[in-house]
There are 2 protein chains.
Amino acid sequence: MVEFYPSKKGGEPISRRYTITELTQMFDVTPRTLRHYEEVGLLQPERRGGQRLYNDRDRVRVQLILRGRRLGFSLAEIAEMLELYDTDPTEVAQLRDVLRRGDHRLREIEQQMEELQALREELLEMRDRLQQALNEKLKGSDPS
Amino acid sequence: MVEFYPSKKGGEPISRRYTITELTQMFDVTPRTLRHYEEVGLLQPERRGGQRLYNDRDRVRVQLILRGRRLGFSLAEIAEMLELYDTDPTEVAQLRDVLRRGDHRLREIEQQMEELQALREELLEMRDRLQQALNEKLKGSDPS
DNA sequence: CCCAACGTTGACGTTTACGTAAGTTTACAG
DNA sequence: CTGTAAACTTACGTAAACGTCAACGTTGGG
């Protein structure tokens, strides 16, 4: 397994458990959201009785999911990316496949970064123009 | 008006007109999409008879809208940003307001860039690990 | 003038990502 | 044991962003 999720190798057993409301408070989401993520297969918490019990791995996954959402990815895309982390490819062919898909995703992300960069620069230019205009308007009329 | 949209100052009148299908082919979207953008107020093409006629400004706006969508923004957010470009603030107060909203959006975008950067680096690390694993598996067994 | 291609307006359908309400269970504090 | 808070399931509702007909208007070439 990747060192992506908290583990106990070389440390204390960080293995906590979280109730659903604890997680909702951590991430400011509703229980429905977490149950939804489970419905679509993004989470599989244990159960004590009927109750869900999330561990640290689940918590990190929630964090990754929410970041993905903020970045505009669909839950399906996020599932794909989490699979990239998770699948422990046993065959060479499968390994190659995961690598290929990962590289593809990487290119998309770098494309997205470029577009975001462009948007940022346009907004910066606009800000400069507006600032200029503001200074003009204030020139002499209000030297406070 | 900002130099954001094509204008004729200092050049030939670049003012072309586009039919709806021309635009759909340019951007690989359906007519329904462009009409939808019009429904929600993002576009206001002229009409010849009943027919829509888009100009260069419209074309650029479509481009900006689609980029916004790829970056995960909602049409409402995109509308806000286009307003930032468009509004030619006459009053100082309004100017200040546009500046404030633009700066807010800028901070959000920079936040988004950081998260995207983090995601990228995680994917890169994963790729390295997988590449490493692949090399191990191929060591000796297939020196092609 | 005619018709095929293009365009238009409703208006209902679909997908995604949850919201919300109702009714039922489970888990402890007292 | 018993109430009360927390959690659960089921199921219908919703907002956004279009998709998808159906039925009708427009227009330019022959």
# chains A, B, ... in the order shown; residues from 1 in each chain; ligands from 1
>>> select_by_dssp(residues="chain A", states="strand (DSSP E)", output="list in words")
Arg17, Tyr18, Glu46, Arg47, Arg48, Gln51, Arg52, Leu53, Tyr54 and Asn55 of chain A
>>> write_last_selection(atoms="N, CA and C atoms", output="PDB file, in the first residue's frame")
ATOM      1  N   ARG A  17     -11.005   5.815  15.252  1.00  0.00           N
ATOM      2  CA  ARG A  17     -12.285   5.614  14.580  1.00  0.00           C
ATOM      3  C   ARG A  17     -13.116   6.871  14.745  1.00  0.00           C
ATOM      4  N   TYR A  18     -13.930   7.144  13.746  1.00  0.00           N
ATOM      5  CA  TYR A  18     -14.745   8.352  13.769  1.00  0.00           C
ATOM      6  C   TYR A  18     -16.204   8.000  13.515  1.00  0.00           C
ATOM      7  N   GLU A  46     -16.434   0.504   8.233  1.00  0.00           N
ATOM      8  CA  GLU A  46     -16.929  -0.675   8.949  1.00  0.00           C
ATOM      9  C   GLU A  46     -18.274  -0.329   9.582  1.00  0.00           C
ATOM     10  N   ARG A  47     -18.863  -1.343  10.187  1.00  0.00           N
ATOM     11  CA  ARG A  47     -20.127  -1.128  10.893  1.00  0.00           C
ATOM     12  C   ARG A  47     -20.021  -1.704  12.297  1.00  0.00           C
ATOM     13  N   ARG A  48     -20.479  -0.940  13.238  1.00  0.00           N
ATOM     14  CA  ARG A  48     -20.705  -1.507  14.567  1.00  0.00           C
ATOM     15  C   ARG A  48     -22.209  -1.521  14.756  1.00  0.00           C
ATOM     16  N   GLN A  51     -24.322   1.029  12.759  1.00  0.00           N
ATOM     17  CA  GLN A  51     -23.581   2.299  12.725  1.00  0.00           C
ATOM     18  C   GLN A  51     -22.294   2.254  11.890  1.00  0.00           C
ATOM     19  N   ARG A  52     -22.068   3.336  11.205  1.00  0.00           N
ATOM     20  CA  ARG A  52     -20.822   3.447  10.451  1.00  0.00           C
ATOM     21  C   ARG A  52     -19.659   3.862  11.347  1.00  0.00           C
ATOM     22  N   LEU A  53     -18.531   3.256  11.111  1.00  0.00           N
ATOM     23  CA  LEU A  53     -17.310   3.661  11.828  1.00  0.00           C
ATOM     24  C   LEU A  53     -16.210   3.904  10.810  1.00  0.00           C
ATOM     25  N   TYR A  54     -15.778   5.154  10.725  1.00  0.00           N
ATOM     26  CA  TYR A  54     -14.759   5.528   9.755  1.00  0.00           C
ATOM     27  C   TYR A  54     -13.388   5.475  10.399  1.00  0.00           C
ATOM     28  N   ASN A  55     -12.398   5.040   9.643  1.00  0.00           N
ATOM     29  CA  ASN A  55     -11.020   5.061  10.156  1.00  0.00           C
ATOM     30  C   ASN A  55     -10.224   6.158   9.452  1.00  0.00           C
TER      31      ASN A  55
END
>>> closest_atom_pairs(of="chain B", to="chain C", cutoff="10 Å", atoms="only C-alpha atoms (C1' of nucleotides)", output="JSON lines")
{"residue": "B:Thr19", "atom": "CA", "partner": "C:DG7", "partner_atom": "C1'", "distance": 9.4}
{"residue": "B:Ile20", "atom": "CA", "partner": "C:DG7", "partner_atom": "C1'", "distance": 8.5}
{"residue": "B:Thr21", "atom": "CA", "partner": "C:DC6", "partner_atom": "C1'", "distance": 8.8}
{"residue": "B:Pro31", "atom": "CA", "partner": "C:DG7", "partner_atom": "C1'", "distance": 9.7}
{"residue": "B:Gly50", "atom": "CA", "partner": "C:DT8", "partner_atom": "C1'", "distance": 6.9}
{"residue": "B:Gln51", "atom": "CA", "partner": "C:DG7", "partner_atom": "C1'", "distance": 6.3}
{"residue": "B:Arg52", "atom": "CA", "partner": "C:DG7", "partner_atom": "C1'", "distance": 8.4}
>>> interface_residues(of="chain B", to="chain A", cutoff="9 Å", atoms="only C-alpha atoms", output="compact mmCIF listing (two decimals) with N, CA and C atoms, in the first residue's frame")
# COMPACT_ATOMS: atom_id res chain seq x y z
N VAL B 2 -12.77 47.31 -22.10
CA VAL B 2 -11.47 46.66 -21.99
C VAL B 2 -11.04 46.10 -23.33
N PHE B 4 -10.41 43.38 -24.00
CA PHE B 4 -10.59 41.94 -23.88
C PHE B 4 -11.24 41.36 -25.12
N LEU B 64 -14.55 31.95 -23.16
CA LEU B 64 -14.31 32.15 -21.73
C LEU B 64 -15.24 31.27 -20.89
N ARG B 67 -13.99 27.67 -21.00
CA ARG B 67 -12.82 27.50 -20.15
C ARG B 67 -13.22 27.48 -18.68
N GLY B 68 -14.10 28.39 -18.32
CA GLY B 68 -14.59 28.41 -16.96
C GLY B 68 -15.21 27.08 -16.55
N ARG B 69 -15.97 26.52 -17.45
CA ARG B 69 -16.59 25.22 -17.17
C ARG B 69 -15.52 24.14 -16.99
N ARG B 70 -14.52 24.14 -17.84
CA ARG B 70 -13.46 23.14 -17.69
C ARG B 70 -12.76 23.29 -16.36
N LEU B 71 -12.71 24.49 -15.84
CA LEU B 71 -12.05 24.73 -14.56
C LEU B 71 -12.97 24.45 -13.39
N GLY B 72 -14.20 24.06 -13.68
CA GLY B 72 -15.09 23.67 -12.59
C GLY B 72 -15.99 24.77 -12.06
N PHE B 73 -16.03 25.90 -12.74
CA PHE B 73 -16.91 26.96 -12.27
C PHE B 73 -18.34 26.75 -12.75
N MET B 81 -17.77 36.59 -13.20
CA MET B 81 -16.45 36.98 -13.70
C MET B 81 -16.57 37.80 -14.96
N LEU B 84 -17.22 41.21 -14.21
CA LEU B 84 -16.02 41.94 -13.79
C LEU B 84 -15.35 42.58 -15.00
N TYR B 85 -15.25 41.81 -16.08
CA TYR B 85 -14.65 42.38 -17.28
C TYR B 85 -15.53 43.48 -17.88
N PRO B 89 -17.20 50.71 -14.75
CA PRO B 89 -17.71 51.32 -13.53
C PRO B 89 -17.63 52.84 -13.61
N GLU B 91 -19.05 55.02 -11.18
CA GLU B 91 -18.84 55.65 -9.87
C GLU B 91 -17.64 55.04 -9.17
N VAL B 92 -17.04 55.83 -8.33
CA VAL B 92 -15.90 55.35 -7.56
C VAL B 92 -16.30 54.18 -6.66
N LEU B 95 -16.59 51.17 -8.65
CA LEU B 95 -15.25 50.75 -9.05
C LEU B 95 -14.59 49.97 -7.93
N ARG B 96 -14.69 50.53 -6.74
CA ARG B 96 -14.11 49.85 -5.58
C ARG B 96 -14.74 48.48 -5.39
N VAL B 98 -16.13 46.50 -7.65
CA VAL B 98 -15.65 45.56 -8.66
C VAL B 98 -14.24 45.08 -8.31
N LEU B 99 -13.41 46.03 -7.87
CA LEU B 99 -12.05 45.68 -7.48
C LEU B 99 -12.05 44.66 -6.34
N GLY B 102 -13.18 41.32 -7.57
CA GLY B 102 -12.14 40.72 -8.40
C GLY B 102 -11.02 40.15 -7.55
N ASP B 103 -10.64 40.88 -6.53
CA ASP B 103 -9.58 40.39 -5.66
C ASP B 103 -10.02 39.13 -4.93
N ARG B 105 -12.12 36.92 -5.99
CA ARG B 105 -12.07 35.82 -6.97
C ARG B 105 -10.64 35.39 -7.22
N LEU B 106 -9.76 36.37 -7.25
CA LEU B 106 -8.35 36.05 -7.46
C LEU B 106 -7.80 35.16 -6.35
N ILE B 109 -8.96 31.70 -6.83
CA ILE B 109 -8.27 31.04 -7.93
C ILE B 109 -6.86 30.62 -7.51
N GLU B 110 -6.22 31.46 -6.72
CA GLU B 110 -4.87 31.08 -6.28
C GLU B 110 -4.94 29.90 -5.32
N GLN B 112 -7.17 27.59 -5.54
CA GLN B 112 -7.41 26.46 -6.43
C GLN B 112 -6.12 26.00 -7.09
N MET B 113 -5.27 26.96 -7.45
CA MET B 113 -4.00 26.60 -8.07
C MET B 113 -3.13 25.80 -7.11
N GLU B 115 -4.15 23.88 -4.66
CA GLU B 115 -4.69 22.53 -4.51
C GLU B 115 -4.39 21.68 -5.73
N LEU B 116 -4.48 22.32 -6.87
CA LEU B 116 -4.19 21.59 -8.11
C LEU B 116 -2.71 21.17 -8.13
N GLN B 117 -1.87 22.09 -7.69
CA GLN B 117 -0.45 21.81 -7.61
C GLN B 117 -0.18 20.62 -6.69
N LEU B 119 -2.26 18.21 -5.87
CA LEU B 119 -2.76 16.99 -6.53
C LEU B 119 -1.76 16.52 -7.58
N ARG B 120 -1.22 17.45 -8.33
CA ARG B 120 -0.25 17.09 -9.36
C ARG B 120 0.96 16.40 -8.75
N GLU B 122 1.19 14.81 -5.97
CA GLU B 122 0.84 13.48 -5.47
C GLU B 122 0.81 12.48 -6.62
N LEU B 123 0.23 12.90 -7.72
CA LEU B 123 0.18 11.99 -8.88
C LEU B 123 1.58 11.69 -9.39
N LEU B 124 2.45 12.70 -9.36
CA LEU B 124 3.82 12.49 -9.80
C LEU B 124 4.55 11.48 -8.91
N MET B 126 3.16 9.17 -7.13
CA MET B 126 2.60 7.86 -7.40
C MET B 126 3.20 7.27 -8.68
N ARG B 127 3.35 8.11 -9.69
CA ARG B 127 3.91 7.62 -10.93
C ARG B 127 5.32 7.08 -10.72
N ARG B 129 6.60 5.85 -8.00
CA ARG B 129 6.54 4.57 -7.30
C ARG B 129 6.16 3.45 -8.25
N LEU B 130 5.15 3.72 -9.09
CA LEU B 130 4.72 2.67 -10.01
C LEU B 130 5.82 2.35 -11.02
N GLN B 131 6.48 3.40 -11.48
CA GLN B 131 7.57 3.18 -12.43
C GLN B 131 8.65 2.31 -11.81
N ALA B 133 8.26 0.18 -9.38
CA ALA B 133 7.74 -1.19 -9.25
C ALA B 133 7.82 -1.91 -10.59
N LEU B 134 7.51 -1.18 -11.65
CA LEU B 134 7.55 -1.79 -12.97
C LEU B 134 8.98 -2.21 -13.33
N LYS B 137 9.91 -5.37 -11.54
CA LYS B 137 9.28 -6.56 -12.13
C LYS B 137 9.97 -6.97 -13.43
N LEU B 138 10.47 -5.97 -14.15
CA LEU B 138 11.08 -6.29 -15.45
C LEU B 138 12.54 -6.69 -15.32
>>> interface_residues(of="chain B", to="chain D", cutoff="8 Å", atoms="only C-alpha atoms (C1' of nucleotides)", output="PyMOL selection string")
chain B and resi 32-33+36+49-50
>>> atom_distance(atom1="atom CA of Leu75 of chain A", atom2="atom CA of Pro45 of chain A")
17.7 Å
>>> decode(residues="segment 10-23 of chain D", atoms="all heavy atoms", output="tab-separated table (two decimals), in the first residue's frame")
chain	number	residue	atom	x	y	z
D	10	DT	P	-33.13	0.06	2.71
D	10	DT	OP1	-33.49	-1.38	2.61
D	10	DT	OP2	-31.94	0.55	2.01
D	10	DT	O5'	-34.38	0.92	2.28
D	10	DT	C5'	-35.41	1.18	3.25
D	10	DT	C4'	-36.45	2.12	2.67
D	10	DT	O4'	-36.22	3.46	3.20
D	10	DT	C3'	-36.44	2.27	1.14
D	10	DT	O3'	-37.76	2.19	0.67
D	10	DT	C2'	-35.80	3.63	0.91
D	10	DT	C1'	-36.24	4.40	2.15
D	10	DT	N1	-35.37	5.53	2.57
D	10	DT	C2	-35.94	6.67	3.08
D	10	DT	O2	-37.13	6.81	3.21
D	10	DT	N3	-35.04	7.64	3.44
D	10	DT	C4	-33.66	7.58	3.34
D	10	DT	O4	-32.97	8.53	3.70
D	10	DT	C5	-33.13	6.36	2.78
D	10	DT	C7	-31.66	6.22	2.62
D	10	DT	C6	-33.99	5.40	2.43
D	11	DA	P	-38.07	2.08	-0.90
D	11	DA	OP1	-39.19	1.11	-1.05
D	11	DA	OP2	-36.81	1.86	-1.63
D	11	DA	O5'	-38.62	3.52	-1.21
D	11	DA	C5'	-39.29	4.27	-0.19
D	11	DA	C4'	-39.35	5.72	-0.61
D	11	DA	O4'	-38.26	6.46	0.01
D	11	DA	C3'	-39.19	5.94	-2.12
D	11	DA	O3'	-40.13	6.90	-2.56
D	11	DA	C2'	-37.76	6.46	-2.24
D	11	DA	C1'	-37.70	7.29	-0.97
D	11	DA	N9	-36.35	7.67	-0.58
D	11	DA	C8	-35.20	6.96	-0.75
D	11	DA	N7	-34.11	7.57	-0.32
D	11	DA	C5	-34.60	8.77	0.18
D	11	DA	C6	-33.97	9.87	0.78
D	11	DA	N6	-32.66	9.94	1.00
D	11	DA	N1	-34.75	10.92	1.16
D	11	DA	C2	-36.07	10.84	0.94
D	11	DA	N3	-36.77	9.87	0.38
D	11	DA	C4	-35.97	8.85	0.02
D	12	DC	P	-40.61	6.93	-4.08
D	12	DC	OP1	-41.70	5.93	-4.15
D	12	DC	OP2	-39.43	6.81	-4.95
D	12	DC	O5'	-41.23	8.37	-4.29
D	12	DC	C5'	-41.85	9.06	-3.20
D	12	DC	C4'	-41.21	10.42	-3.01
D	12	DC	O4'	-39.85	10.26	-2.53
D	12	DC	C3'	-41.12	11.25	-4.30
D	12	DC	O3'	-41.71	12.52	-4.07
D	12	DC	C2'	-39.62	11.35	-4.56
D	12	DC	C1'	-39.08	11.27	-3.13
D	12	DC	N1	-37.63	10.92	-3.07
D	12	DC	C2	-36.76	11.79	-2.40
D	12	DC	O2	-37.20	12.83	-1.88
D	12	DC	N3	-35.43	11.49	-2.35
D	12	DC	C4	-34.99	10.37	-2.91
D	12	DC	N4	-33.68	10.11	-2.82
D	12	DC	C5	-35.86	9.47	-3.59
D	12	DC	C6	-37.15	9.79	-3.65
D	13	DG	P	-41.67	13.68	-5.18
D	13	DG	OP1	-42.91	14.46	-5.08
D	13	DG	OP2	-41.26	13.03	-6.46
D	13	DG	O5'	-40.46	14.58	-4.68
D	13	DG	C5'	-40.49	15.13	-3.35
D	13	DG	C4'	-39.54	16.32	-3.27
D	13	DG	O4'	-38.17	15.82	-3.13
D	13	DG	C3'	-39.54	17.21	-4.52
D	13	DG	O3'	-39.36	18.55	-4.10
D	13	DG	C2'	-38.36	16.66	-5.33
D	13	DG	C1'	-37.38	16.26	-4.22
D	13	DG	N9	-36.50	15.14	-4.57
D	13	DG	C8	-36.86	13.93	-5.10
D	13	DG	N7	-35.85	13.11	-5.28
D	13	DG	C5	-34.75	13.84	-4.85
D	13	DG	C6	-33.38	13.49	-4.83
D	13	DG	O6	-32.85	12.43	-5.17
D	13	DG	N1	-32.59	14.52	-4.32
D	13	DG	C2	-33.06	15.75	-3.91
D	13	DG	N2	-32.16	16.61	-3.47
D	13	DG	N3	-34.35	16.09	-3.93
D	13	DG	C4	-35.13	15.09	-4.42
D	14	DT	P	-39.36	19.75	-5.18
D	14	DT	OP1	-39.96	20.91	-4.52
D	14	DT	OP2	-39.90	19.23	-6.44
D	14	DT	O5'	-37.81	20.02	-5.37
D	14	DT	C5'	-36.95	20.15	-4.25
D	14	DT	C4'	-35.60	20.67	-4.70
D	14	DT	O4'	-34.73	19.55	-4.96
D	14	DT	C3'	-35.65	21.48	-6.01
D	14	DT	O3'	-34.71	22.54	-5.91
D	14	DT	C2'	-35.23	20.46	-7.04
D	14	DT	C1'	-34.18	19.67	-6.25
D	14	DT	N1	-33.89	18.31	-6.73
D	14	DT	C2	-32.60	17.85	-6.64
D	14	DT	O2	-31.69	18.52	-6.20
D	14	DT	N3	-32.42	16.57	-7.10
D	14	DT	C4	-33.37	15.72	-7.63
D	14	DT	O4	-33.10	14.60	-8.01
D	14	DT	C5	-34.71	16.27	-7.68
D	14	DT	C7	-35.83	15.44	-8.23
D	14	DT	C6	-34.90	17.52	-7.24
D	15	DA	P	-35.00	23.96	-6.57
D	15	DA	OP1	-35.55	24.85	-5.52
D	15	DA	OP2	-35.73	23.74	-7.86
D	15	DA	O5'	-33.55	24.49	-6.93
D	15	DA	C5'	-32.45	24.13	-6.09
D	15	DA	C4'	-31.19	24.08	-6.91
D	15	DA	O4'	-30.94	22.71	-7.33
D	15	DA	C3'	-31.24	24.93	-8.18
D	15	DA	O3'	-29.99	25.60	-8.30
D	15	DA	C2'	-31.47	23.91	-9.29
D	15	DA	C1'	-30.79	22.66	-8.73
D	15	DA	N9	-31.40	21.41	-9.17
D	15	DA	C8	-32.73	21.15	-9.39
D	15	DA	N7	-32.98	19.92	-9.77
D	15	DA	C5	-31.74	19.32	-9.80
D	15	DA	C6	-31.32	18.02	-10.13
D	15	DA	N6	-32.16	17.04	-10.50
D	15	DA	N1	-30.01	17.75	-10.05
D	15	DA	C2	-29.17	18.73	-9.68
D	15	DA	N3	-29.43	19.99	-9.35
D	15	DA	C4	-30.76	20.22	-9.43
D	16	DA	P	-29.81	26.55	-9.62
D	16	DA	OP1	-29.10	27.75	-9.16
D	16	DA	OP2	-31.06	26.66	-10.40
D	16	DA	O5'	-28.78	25.68	-10.46
D	16	DA	C5'	-27.66	25.11	-9.81
D	16	DA	C4'	-26.81	24.36	-10.79
D	16	DA	O4'	-27.44	23.09	-11.08
D	16	DA	C3'	-26.63	25.06	-12.13
D	16	DA	O3'	-25.28	24.87	-12.55
D	16	DA	C2'	-27.61	24.34	-13.06
D	16	DA	C1'	-27.63	22.94	-12.47
D	16	DA	N9	-28.90	22.22	-12.63
D	16	DA	C8	-30.17	22.73	-12.50
D	16	DA	N7	-31.11	21.83	-12.68
D	16	DA	C5	-30.41	20.66	-12.93
D	16	DA	C6	-30.83	19.35	-13.20
D	16	DA	N6	-32.11	18.98	-13.26
D	16	DA	N1	-29.88	18.42	-13.41
D	16	DA	C2	-28.60	18.79	-13.34
D	16	DA	N3	-28.08	19.99	-13.09
D	16	DA	C4	-29.05	20.89	-12.90
D	17	DA	P	-24.78	25.71	-13.84
D	17	DA	OP1	-23.33	25.90	-13.61
D	17	DA	OP2	-25.67	26.86	-14.08
D	17	DA	O5'	-24.94	24.67	-15.03
D	17	DA	C5'	-24.18	23.46	-14.97
D	17	DA	C4'	-24.51	22.61	-16.17
D	17	DA	O4'	-25.81	22.00	-15.96
D	17	DA	C3'	-24.62	23.36	-17.50
D	17	DA	O3'	-24.05	22.56	-18.53
D	17	DA	C2'	-26.13	23.49	-17.69
D	17	DA	C1'	-26.55	22.14	-17.14
D	17	DA	N9	-27.97	22.01	-16.82
D	17	DA	C8	-28.86	22.98	-16.47
D	17	DA	N7	-30.08	22.54	-16.26
D	17	DA	C5	-29.98	21.18	-16.46
D	17	DA	C6	-30.91	20.14	-16.38
D	17	DA	N6	-32.19	20.33	-16.07
D	17	DA	N1	-30.48	18.88	-16.66
D	17	DA	C2	-29.19	18.70	-16.98
D	17	DA	N3	-28.22	19.61	-17.09
D	17	DA	C4	-28.69	20.84	-16.81
D	18	DC	P	-23.52	23.31	-19.87
D	18	DC	OP1	-22.80	22.31	-20.66
D	18	DC	OP2	-22.84	24.56	-19.46
D	18	DC	O5'	-24.85	23.73	-20.66
D	18	DC	C5'	-25.29	22.98	-21.77
D	18	DC	C4'	-25.78	21.60	-21.42
D	18	DC	O4'	-26.84	21.72	-20.45
D	18	DC	C3'	-26.40	20.86	-22.60
D	18	DC	O3'	-25.62	19.71	-22.92
D	18	DC	C2'	-27.79	20.48	-22.17
D	18	DC	C1'	-27.78	20.70	-20.67
D	18	DC	N1	-29.13	21.15	-20.22
D	18	DC	C2	-30.11	20.18	-19.95
D	18	DC	O2	-29.83	18.99	-20.07
D	18	DC	N3	-31.35	20.59	-19.57
D	18	DC	C4	-31.61	21.88	-19.44
D	18	DC	N4	-32.83	22.23	-19.05
D	18	DC	C5	-30.62	22.89	-19.70
D	18	DC	C6	-29.41	22.48	-20.09
D	19	DG	P	-25.90	19.04	-24.34
D	19	DG	OP1	-24.70	18.21	-24.63
D	19	DG	OP2	-26.33	20.06	-25.30
D	19	DG	O5'	-27.15	18.06	-24.06
D	19	DG	C5'	-26.96	16.90	-23.28
D	19	DG	C4'	-28.07	15.89	-23.55
D	19	DG	O4'	-29.31	16.36	-22.99
D	19	DG	C3'	-28.36	15.59	-25.02
D	19	DG	O3'	-28.74	14.22	-25.12
D	19	DG	C2'	-29.53	16.54	-25.32
D	19	DG	C1'	-30.28	16.53	-24.01
D	19	DG	N9	-31.00	17.76	-23.68
D	19	DG	C8	-30.48	19.03	-23.64
D	19	DG	N7	-31.34	19.94	-23.27
D	19	DG	C5	-32.51	19.24	-23.06
D	19	DG	C6	-33.78	19.70	-22.64
D	19	DG	O6	-34.15	20.85	-22.37
D	19	DG	N1	-34.71	18.64	-22.56
D	19	DG	C2	-34.42	17.32	-22.82
D	19	DG	N2	-35.43	16.46	-22.68
D	19	DG	N3	-33.22	16.89	-23.20
D	19	DG	C4	-32.32	17.89	-23.30
D	20	DT	P	-29.01	13.56	-26.56
D	20	DT	OP1	-28.68	12.12	-26.45
D	20	DT	OP2	-28.35	14.39	-27.58
D	20	DT	O5'	-30.59	13.69	-26.74
D	20	DT	C5'	-31.44	13.44	-25.63
D	20	DT	C4'	-32.89	13.53	-26.06
D	20	DT	O4'	-33.44	14.82	-25.67
D	20	DT	C3'	-33.14	13.41	-27.56
D	20	DT	O3'	-34.32	12.67	-27.76
D	20	DT	C2'	-33.32	14.86	-27.99
D	20	DT	C1'	-34.04	15.44	-26.79
D	20	DT	N1	-33.90	16.89	-26.61
D	20	DT	C2	-34.97	17.59	-26.08
D	20	DT	O2	-36.01	17.07	-25.76
D	20	DT	N3	-34.76	18.94	-25.93
D	20	DT	C4	-33.61	19.64	-26.26
D	20	DT	O4	-33.53	20.85	-26.09
D	20	DT	C5	-32.54	18.84	-26.82
D	20	DT	C7	-31.25	19.52	-27.21
D	20	DT	C6	-32.74	17.52	-26.96
D	21	DC	P	-34.57	11.94	-29.19
D	21	DC	OP1	-35.81	11.11	-29.05
D	21	DC	OP2	-33.30	11.32	-29.62
D	21	DC	O5'	-34.87	13.15	-30.15
D	21	DC	C5'	-36.05	13.20	-30.91
D	21	DC	C4'	-37.29	13.37	-30.06
D	21	DC	O4'	-37.06	14.40	-29.07
D	21	DC	C3'	-38.49	13.78	-30.89
D	21	DC	O3'	-39.62	12.98	-30.62
D	21	DC	C2'	-38.72	15.25	-30.55
D	21	DC	C1'	-38.03	15.43	-29.21
D	21	DC	N1	-37.32	16.76	-29.18
D	21	DC	C2	-37.97	17.87	-28.65
D	21	DC	O2	-39.13	17.75	-28.22
D	21	DC	N3	-37.32	19.06	-28.63
D	21	DC	C4	-36.07	19.15	-29.09
D	21	DC	N4	-35.47	20.33	-29.05
D	21	DC	C5	-35.39	18.01	-29.64
D	21	DC	C6	-36.04	16.85	-29.66
D	22	DA	P	-40.66	12.78	-31.85
D	22	DA	OP1	-41.51	11.62	-31.46
D	22	DA	OP2	-39.91	12.77	-33.11
D	22	DA	O5'	-41.54	14.11	-31.78
D	22	DA	C5'	-42.07	14.56	-30.53
D	22	DA	C4'	-42.82	15.85	-30.76
D	22	DA	O4'	-41.92	16.97	-30.56
D	22	DA	C3'	-43.39	15.99	-32.17
D	22	DA	O3'	-44.69	16.54	-32.08
D	22	DA	C2'	-42.41	16.94	-32.85
D	22	DA	C1'	-41.98	17.82	-31.68
D	22	DA	N9	-40.65	18.42	-31.84
D	22	DA	C8	-39.53	17.84	-32.38
D	22	DA	N7	-38.48	18.62	-32.37
D	22	DA	C5	-38.93	19.80	-31.79
D	22	DA	C6	-38.30	21.02	-31.49
D	22	DA	N6	-37.02	21.26	-31.75
D	22	DA	N1	-39.04	21.99	-30.92
D	22	DA	C2	-40.34	21.73	-30.67
D	22	DA	N3	-41.04	20.63	-30.89
D	22	DA	C4	-40.27	19.69	-31.47
D	23	DA	P	-45.62	16.54	-33.43
D	23	DA	OP1	-46.91	15.94	-33.02
D	23	DA	OP2	-44.86	15.97	-34.57
D	23	DA	O5'	-45.83	18.08	-33.69
D	23	DA	C5'	-45.90	18.99	-32.60
D	23	DA	C4'	-45.61	20.37	-33.10
D	23	DA	O4'	-44.17	20.60	-33.08
D	23	DA	C3'	-46.05	20.62	-34.56
D	23	DA	O3'	-46.73	21.85	-34.63
D	23	DA	C2'	-44.74	20.63	-35.33
D	23	DA	C1'	-43.81	21.24	-34.28
D	23	DA	N9	-42.39	21.02	-34.52
D	23	DA	C8	-41.78	19.90	-35.03
D	23	DA	N7	-40.48	20.01	-35.13
D	23	DA	C5	-40.21	21.28	-34.66
D	23	DA	C6	-39.02	22.01	-34.51
D	23	DA	N6	-37.82	21.53	-34.84
D	23	DA	N1	-39.12	23.26	-34.00
D	23	DA	C2	-40.32	23.74	-33.68
D	23	DA	N3	-41.50	23.15	-33.78
D	23	DA	C4	-41.38	21.92	-34.28
